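Novice: Before anything else, here's the structure in question.
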Number of protein chains: 2
Amino acid sequence: MNNTFQEIGNVLLNSENILLYPHLNMDGDAMGSAVALCRVLRSAGKNCYVLIEDKVPDNLAFMDHGYCTMDQNIMGSPDVSVCVDCGDEGRFPARVDKFRTSKLTVCIDHHRTTENFCDYNCVDPGSAATGQLIFKLIKEMNLPIDKETGEALFAAITTDTGNFQYSNTTEETHRIVAELYESGIEANKVSVAIYENNSIQRLMVNGKILETLETILDGKCALCYVTQAMLEETGAMMEETEGIVQQLRALAGVEVAVFLKEKDENTTKVSMRSKSYADVAEIAASFGGGGHIRAAGATINHSVTESLEIIKQKLIESLGA
Amino acid sequence: MNNTFQEIGNVLLNSENILLYPHLNMDGDAMGSAVALCRVLRSAGKNCYVLIEDKVPDNLAFMDHGYCTMDQNIMGSPDVSVCVDCGDEGRFPARVDKFRTSKLTVCIDHHRTTENFCDYNCVDPGSAATGQLIFKLIKEMNLPIDKETGEALFAAITTDTGNFQYSNTTEETHRIVAELYESGIEANKVSVAIYENNSIQRLMVNGKILETLETILDGKCALCYVTQAMLEETGAMMEETEGIVQQLRALAGVEVAVFLKEKDENTTKVSMRSKSYADVAEIAASFGGGGHIRAAGATINHSVTESLEIIKQKLIESLGA
C-alpha cells in the first residue's frame with residue numbers, strides 16, 4: 001500500500017542528508033523530477049544531491065545547476081535515499097550498495113510494474129509522469145516552486161506525456177502545468193533545449209534508414225532497418241535511431257510499424273508498435289520476446305535481412321486475413 | 001476596439017441564420033474553432049453552417065459531422081457571418097460576396113496583423129489559438145461544451161500551440177484544456193487523427209532529402225535540397241517537403257538552416273531559418289527575396305546545385321567572421 005504525500009514529506013523534512021536516485025539512461029521525467037526535488041529540499045536547508053551513474057544527456061544538461069554527482073562519497077550513509085522514476089534496484093545497478101546504506105528508503109514512481117520495495121512508497125501508475133507526483137509532494141511539504149523548479153517539473157511532465165498528446169495526459173496534468181506557469185516558467189525555452197538539440201549524425205542515419213522503408217499488406221505494415229555499416233558511415237550511435245518506429249506508426253494506414261537493428265551479423269533486435277488493434281506483444285512472444293499490446297520487441301538470431309523476411313512472413317500470417 | 005464576448009454572444013444568440021468562414025487552407029485552429037462554434041450554435045437551435053471553399057484536409061476530416069459545406073446557397077442572406085481565425089477578406093476570397101450579403105459581420109481572430117474590419121470584432125493576438133477565444137465565447141453564451149465540441153477546441157488549441165511547446169502557450173491555455181477534459185475529450189485520439197496521418201511518400205522523400213544534408217562553417221549552417229527527380233521517384237508532392245527546414249534548425253549547433261527546392265532546371269526556391277541571432281531576411285534580400293529575421297526565402301535563377309554553391313558562398317561571407 002502507498003504512503004501518503006504527507007508521510008513521505010515528513011520523512012524528508014525530518015532528515016538532513018538525502019540522496020536521490022533517478023534511473024539509468026535518464027530521460028526528462030527522471031532528471032526533471034530528481035532536480036526539482038533536490039532544489040526544493042536544498043531550499044529547506046537539506047544536504048541533498050542527485051546521485052547518478054551515467055552521463056547527463058546533453059539535451060537535459062540545462063537543468064543541472066550543481067545537483068547531479070557521480071561521487072558516491074559526496075556524503076556518508078544518507079538519512080534517506082529516494083529512488084525517483086524507477087521501480088526496482090535494477091534501474092540503478094551501480095548505486096544499489098550506496099542505496100542500501102541508507103537509514104530509510106523511499107520510492108516515488110509511476111511505472112505499472114513497480115512493487116513497493118522501499119520503506120516508504122508512492123507508486124501511482126495513473127500519474128502521467130513522476131514529475132506530477134513530485135509536484136504534489138512539494139505542495140504537501142509547503143516548499144516553494146520557483147522558476148527553476150517549475151521548469152524542471154515542466155521538462156518531466158512534457159517528456160513523459162509526449163507533449164501532452166499521449167493518453168496518460170489528464171485534466172490534472174494540465175492543471176499542474178497551469179500552476180507551474182504561475183512560477184514564471186519559460187516552457188518554450190525548455191522545449192527548445194530538450195528537442196532542438198538533435199545531432200547531425202542522427203539526421204543523417206535517419207535518412208539512410210528511411211531509404212530501407214517498405215510496406216506490406218497494402219500499407220498496413222511498414223518496416224525499415226539500420227545496419228552497423230550505416231552507423232559507421234554517418235558516425236551515429238544506435239541510440240540515435242530511437243523514434244524511427246514511432247515515425248513509421250504515424251503513417252496514414254499503417255497499423256504495425258517494425259524497426260530492425262543489426263546488432264551483429266547473426267543478431268537482430270526488433271521493435272514493433274501498433275496503432276489501434278494489432279497485438280504486437282503476441283508477435284514478439286513468438287520470437288521469445290515480449291512487451292505491451294501496442295509496443296513490444298524481440299531478438300532474432302539471424303542477420304538483419306534474414307530477420308526482415310522472417311518478420312514479414314510472421315506479419316502476413318498474423319494480419320493477412 | 002474589440003467588442004466583448006458578451007456583445008458578440010448576444011449578436012449570435014439573437015440571430016437565426018449564421019454562416020462561419022474559416023480561412024483557406026484550413027489548419028486545426030481554423031477548422032476546430034469553426035466546428036466547435038457551429039455545433040454549439042446548432043445546440044441553441046440556430047441554422048448554422050461552416051462555409052468553406054477548399055477541401056477539408058484529410059487529417060482534420062474527423063471533426064466534420066455535417067458542419068462544413070461548399071454550397072453558398074445553403075441559406076439565403078445570413079443574419080450573421082462570422083470569419084473565424086482569419087483577419088481579412090483575402091483569407092476567404094471565393095466567399096467574400098456571400099460574406100457581404102450578411103446583415104451583420106463578426107471577426108474572431110488572434111492574428112497580429114488583423115484590423116477590425118467587421119461590424120463586431122474580437123481580435124486578441126495574445127491568445128495562442130482562436131480556439132481559446134471560441135471557448136470563452138461559448139462560456140459567455142452559456143452553451144454546453146460536450147465531448148465533440150471539446151475535441152474540436154482541443155484540436156484548435158493543440159495545433160496552434162505546437163502541442164503546448166510554442167511560446168504563445170500560457171497558463172490560460174492549460175486551464176482551458178483542463179476544462180475541456182471535464183467534457184470527456186479523448187485528446188489522444190484527436191492527436192492521432194491530426195498527426196499520425198503522414199504519407200509514406202513524404203517519409204520516403206524525406207529520406208532522400210536527408211541524403212543531401214551537408215554542413216558548413218563548423219556545423220553552424222546546415223543545407224539540403226529536393227529535386228524534381230526525387231519527387232517523381234517517391235511519388236511525393238513538393239508540399240510534403242514542408243518541415244524539413246525546421247528539422248535542420250533543430251540540430252545542435254546549427255544557427256542557419258537552408259532548404260532548396262528545384263522548381264525547374266533554372267529556378268530554385270530557397271527557404272532559410274535561423275535559431276537565435278542570424279538575420280536570414282538580409283541574406284534573402286541579397287537574392288531579391290524577403291521575410292522575417294528568423295524565417296525568410298528567395299528564388300534563385302540557377303539550377304539547384306548551382307544555387308546551393310551560391311548560397312554557401314553567401315553564408316560564408318555573411319557568417320564566416
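Going by the C-alpha cells order, chains are called A, B, ..., each with residues numbered from 1, while ligands are numbered from 1 in the order shown.
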Go through chain B and flag each residue having an atom no more than 6 Å from chain A; for those, report the closest pair of atoms plus their distance in Å to one decimal, using only C-alpha atoms, ordered by chain and rising number, as JSON lines.
Specialist:
```
{"residue": "B:Asn163", "atom": "CA", "partner": "A:Asn163", "partner_atom": "CA", "distance": 5.9}
{"residue": "B:Gln165", "atom": "CA", "partner": "A:Asn188", "partner_atom": "CA", "distance": 5.4}
{"residue": "B:Tyr166", "atom": "CA", "partner": "A:Asn188", "partner_atom": "CA", "distance": 5.4}
{"residue": "B:Ser167", "atom": "CA", "partner": "A:Asn188", "partner_atom": "CA", "distance": 5.0}
{"residue": "B:Glu171", "atom": "CA", "partner": "A:Ala178", "partner_atom": "CA", "distance": 4.4}
{"residue": "B:His174", "atom": "CA", "partner": "A:His174", "partner_atom": "CA", "distance": 5.1}
{"residue": "B:Arg175", "atom": "CA", "partner": "A:Ala178", "partner_atom": "CA", "distance": 6.0}
{"residue": "B:Ala178", "atom": "CA", "partner": "A:Glu171", "partner_atom": "CA", "distance": 4.4}
{"residue": "B:Tyr181", "atom": "CA", "partner": "A:Glu171", "partner_atom": "CA", "distance": 5.4}
{"residue": "B:Asn188", "atom": "CA", "partner": "A:Ser167", "partner_atom": "CA", "distance": 5.0}
{"residue": "B:Glu196", "atom": "CA", "partner": "A:Ala250", "partner_atom": "CA", "distance": 3.8}
{"residue": "B:Asn197", "atom": "CA", "partner": "A:Ala252", "partner_atom": "CA", "distance": 4.1}
{"residue": "B:Asn198", "atom": "CA", "partner": "A:Leu251", "partner_atom": "CA", "distance": 4.5}
{"residue": "B:Ser199", "atom": "CA", "partner": "A:Leu251", "partner_atom": "CA", "distance": 5.6}
{"residue": "B:Gly207", "atom": "CA", "partner": "A:Gly207", "partner_atom": "CA", "distance": 4.1}
{"residue": "B:Leu210", "atom": "CA", "partner": "A:Gly207", "partner_atom": "CA", "distance": 4.9}
{"residue": "B:Glu211", "atom": "CA", "partner": "A:Gly207", "partner_atom": "CA", "distance": 5.7}
{"residue": "B:Ala250", "atom": "CA", "partner": "A:Glu196", "partner_atom": "CA", "distance": 4.0}
{"residue": "B:Leu251", "atom": "CA", "partner": "A:Asn198", "partner_atom": "CA", "distance": 4.5}
{"residue": "B:Ala252", "atom": "CA", "partner": "A:Asn197", "partner_atom": "CA", "distance": 4.3}
```
Novice: Just N, CA, C and O atoms for this one: save the residues we selected as a compact mmCIF listing (two decimals), in the first residue's frame.
Specialist:
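Output file selection.txt follows:
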```txt
# COMPACT_ATOMS: atom_id res chain seq x y z
N ASN B 163 1.54 21.79 -29.93
CA ASN B 163 1.42 20.86 -28.80
C ASN B 163 1.95 21.47 -27.51
O ASN B 163 2.72 20.84 -26.78
N GLN B 165 4.09 23.68 -26.92
CA GLN B 165 5.53 23.93 -26.82
C GLN B 165 5.89 25.36 -27.25
O GLN B 165 6.93 25.87 -26.87
N TYR B 166 5.07 26.00 -28.09
CA TYR B 166 5.40 27.34 -28.56
C TYR B 166 5.28 28.35 -27.43
O TYR B 166 4.55 28.14 -26.45
N SER B 167 5.95 29.48 -27.62
CA SER B 167 5.98 30.49 -26.56
C SER B 167 4.65 31.22 -26.44
O SER B 167 4.46 31.99 -25.49
N GLU B 171 -0.56 30.04 -19.16
CA GLU B 171 -1.30 29.41 -18.07
C GLU B 171 -2.76 29.19 -18.48
O GLU B 171 -3.34 28.13 -18.24
N HIS B 174 -3.48 26.13 -20.65
CA HIS B 174 -3.58 24.86 -19.91
C HIS B 174 -4.85 24.79 -19.06
O HIS B 174 -5.44 23.72 -18.92
N ARG B 175 -5.29 25.94 -18.52
CA ARG B 175 -6.52 25.91 -17.72
C ARG B 175 -7.73 25.59 -18.61
O ARG B 175 -8.65 24.86 -18.21
N ALA B 178 -7.60 21.90 -19.46
CA ALA B 178 -8.04 21.13 -18.29
C ALA B 178 -9.56 21.09 -18.25
O ALA B 178 -10.16 20.03 -18.01
N TYR B 181 -11.06 18.70 -20.69
CA TYR B 181 -11.02 17.31 -20.22
C TYR B 181 -12.28 16.96 -19.44
O TYR B 181 -12.74 15.84 -19.46
N ASN B 188 -5.94 12.08 -26.89
CA ASN B 188 -5.01 11.23 -27.64
C ASN B 188 -5.57 10.84 -29.00
O ASN B 188 -4.85 10.81 -30.00
N GLU B 196 -0.94 11.45 -36.85
CA GLU B 196 -0.46 10.14 -37.30
C GLU B 196 -1.09 9.81 -38.64
O GLU B 196 -1.68 8.75 -38.84
N ASN B 197 -0.97 10.76 -39.54
CA ASN B 197 -1.64 10.63 -40.82
C ASN B 197 -0.69 11.05 -41.94
O ASN B 197 -1.11 11.55 -42.96
N ASN B 198 0.61 10.85 -41.70
CA ASN B 198 1.60 11.19 -42.72
C ASN B 198 1.54 10.23 -43.88
O ASN B 198 1.11 9.09 -43.73
N SER B 199 1.99 10.68 -45.03
CA SER B 199 2.03 9.76 -46.17
C SER B 199 3.39 9.09 -46.24
O SER B 199 4.41 9.65 -45.85
N GLY B 207 13.67 10.91 -46.61
CA GLY B 207 14.89 10.10 -46.58
C GLY B 207 15.86 10.53 -47.66
O GLY B 207 17.05 10.72 -47.41
N LEU B 210 17.40 13.95 -46.89
CA LEU B 210 18.41 13.91 -45.83
C LEU B 210 19.74 13.36 -46.34
O LEU B 210 20.80 13.66 -45.79
N GLU B 211 19.68 12.59 -47.41
CA GLU B 211 20.94 12.10 -48.02
C GLU B 211 21.76 13.25 -48.61
O GLU B 211 22.95 13.12 -48.86
N ALA B 250 16.68 22.39 -35.92
CA ALA B 250 16.66 21.72 -34.61
C ALA B 250 17.95 20.97 -34.32
O ALA B 250 18.09 20.35 -33.28
N LEU B 251 18.92 21.02 -35.24
CA LEU B 251 20.19 20.34 -34.99
C LEU B 251 21.03 21.15 -34.00
O LEU B 251 21.07 22.38 -34.07
N ALA B 252 21.70 20.41 -33.09
CA ALA B 252 22.57 21.08 -32.13
C ALA B 252 23.65 21.85 -32.88
O ALA B 252 24.25 21.34 -33.82
```
Novice: Excluding range 255-259 of chain B and its own-chain neighbours fewer than 2 positions away, which residues fall within 8 Å of it when counting only C-alpha atoms? Please give them as a VMD selection string.
Specialist: chain B and resid 220 to 226 244 to 246 248 to 249 253 261 270 to 278 280
Novice: Can you state the RMSD, in Å, between chain B and chain A once they are superposed by least squares on every Cα paired in order?
Specialist: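 Answer to one decimal place: 1.2 Å.
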Novice: May I have the residues within 8 Å of Val40 in chain B as a PyMOL selection string, using only C-alpha atoms and disregarding those fewer than 5 positions away in the same chain?
Specialist: chain B and resi 138+143-145+149
Novice: Find the spatial neighbours of Glu115 in chain B, counting only C-alpha atoms, within a cut-off of 8 Å - ignore same-chain residues fewer than 3 positions away - and output them as a ChimeraX atom specification.
Specialist: /B:87-88,123
Novice: Can you tell me which residues surround Ser307 in chain A at a distance of at most 7 Å, considering only C-alpha atoms, apart from same-chain residues fewer than 5 positions away, and format the answer as a list in words?
Specialist: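 Near Ser307 in chain A, the qualifying residues are Thr268, Ile300 and His302 of chain A.
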Novice: Those same residues, written as a tab-separated table (two decimals), in the first residue's frame with N, CA and C atoms?
Specialist:
```
chain	number	residue	atom	x	y	z
A	268	THR	N	19.69	-9.69	-34.46
A	268	THR	CA	18.90	-8.52	-34.85
A	268	THR	C	17.88	-8.23	-33.77
A	300	ILE	N	16.14	-11.65	-32.69
A	300	ILE	CA	16.13	-12.78	-33.61
A	300	ILE	C	17.59	-13.12	-33.96
A	302	HIS	N	19.36	-14.03	-36.38
A	302	HIS	CA	19.65	-14.08	-37.81
A	302	HIS	C	20.19	-12.72	-38.23
```
Novice: Check range 75-267 of chain A with DSSP on the backbone and list each residue it calls strand (DSSP E), as number ranges by chain.
Specialist: A: 80-84, 104-109, 120-123, 214-216, 221-226, 256-264, 267
Novice: Excluding Lys139 in chain A and its own-chain neighbours fewer than 6 positions away, which residues fall within 10 Å of it when counting only C-alpha atoms? Please give them as a list of chain:residue names.
Specialist: A:Phe5, A:Gln6, A:Gly9, A:Leu133, A:Ile145
Novice: Fewer than 3 positions away in the same chain doesn't count, so skip those; otherwise give me all residues within 12 Å of Gly290 in chain A, counting only C-alpha atoms, as a PyMOL selection string.
Specialist: chain A and resi 270-272+279-287+293-299
Novice: Just how far from CA of Val304 in chain B is CA of Leu231 in chain B, in Å to one decimal?
Specialist: 14.1 Å
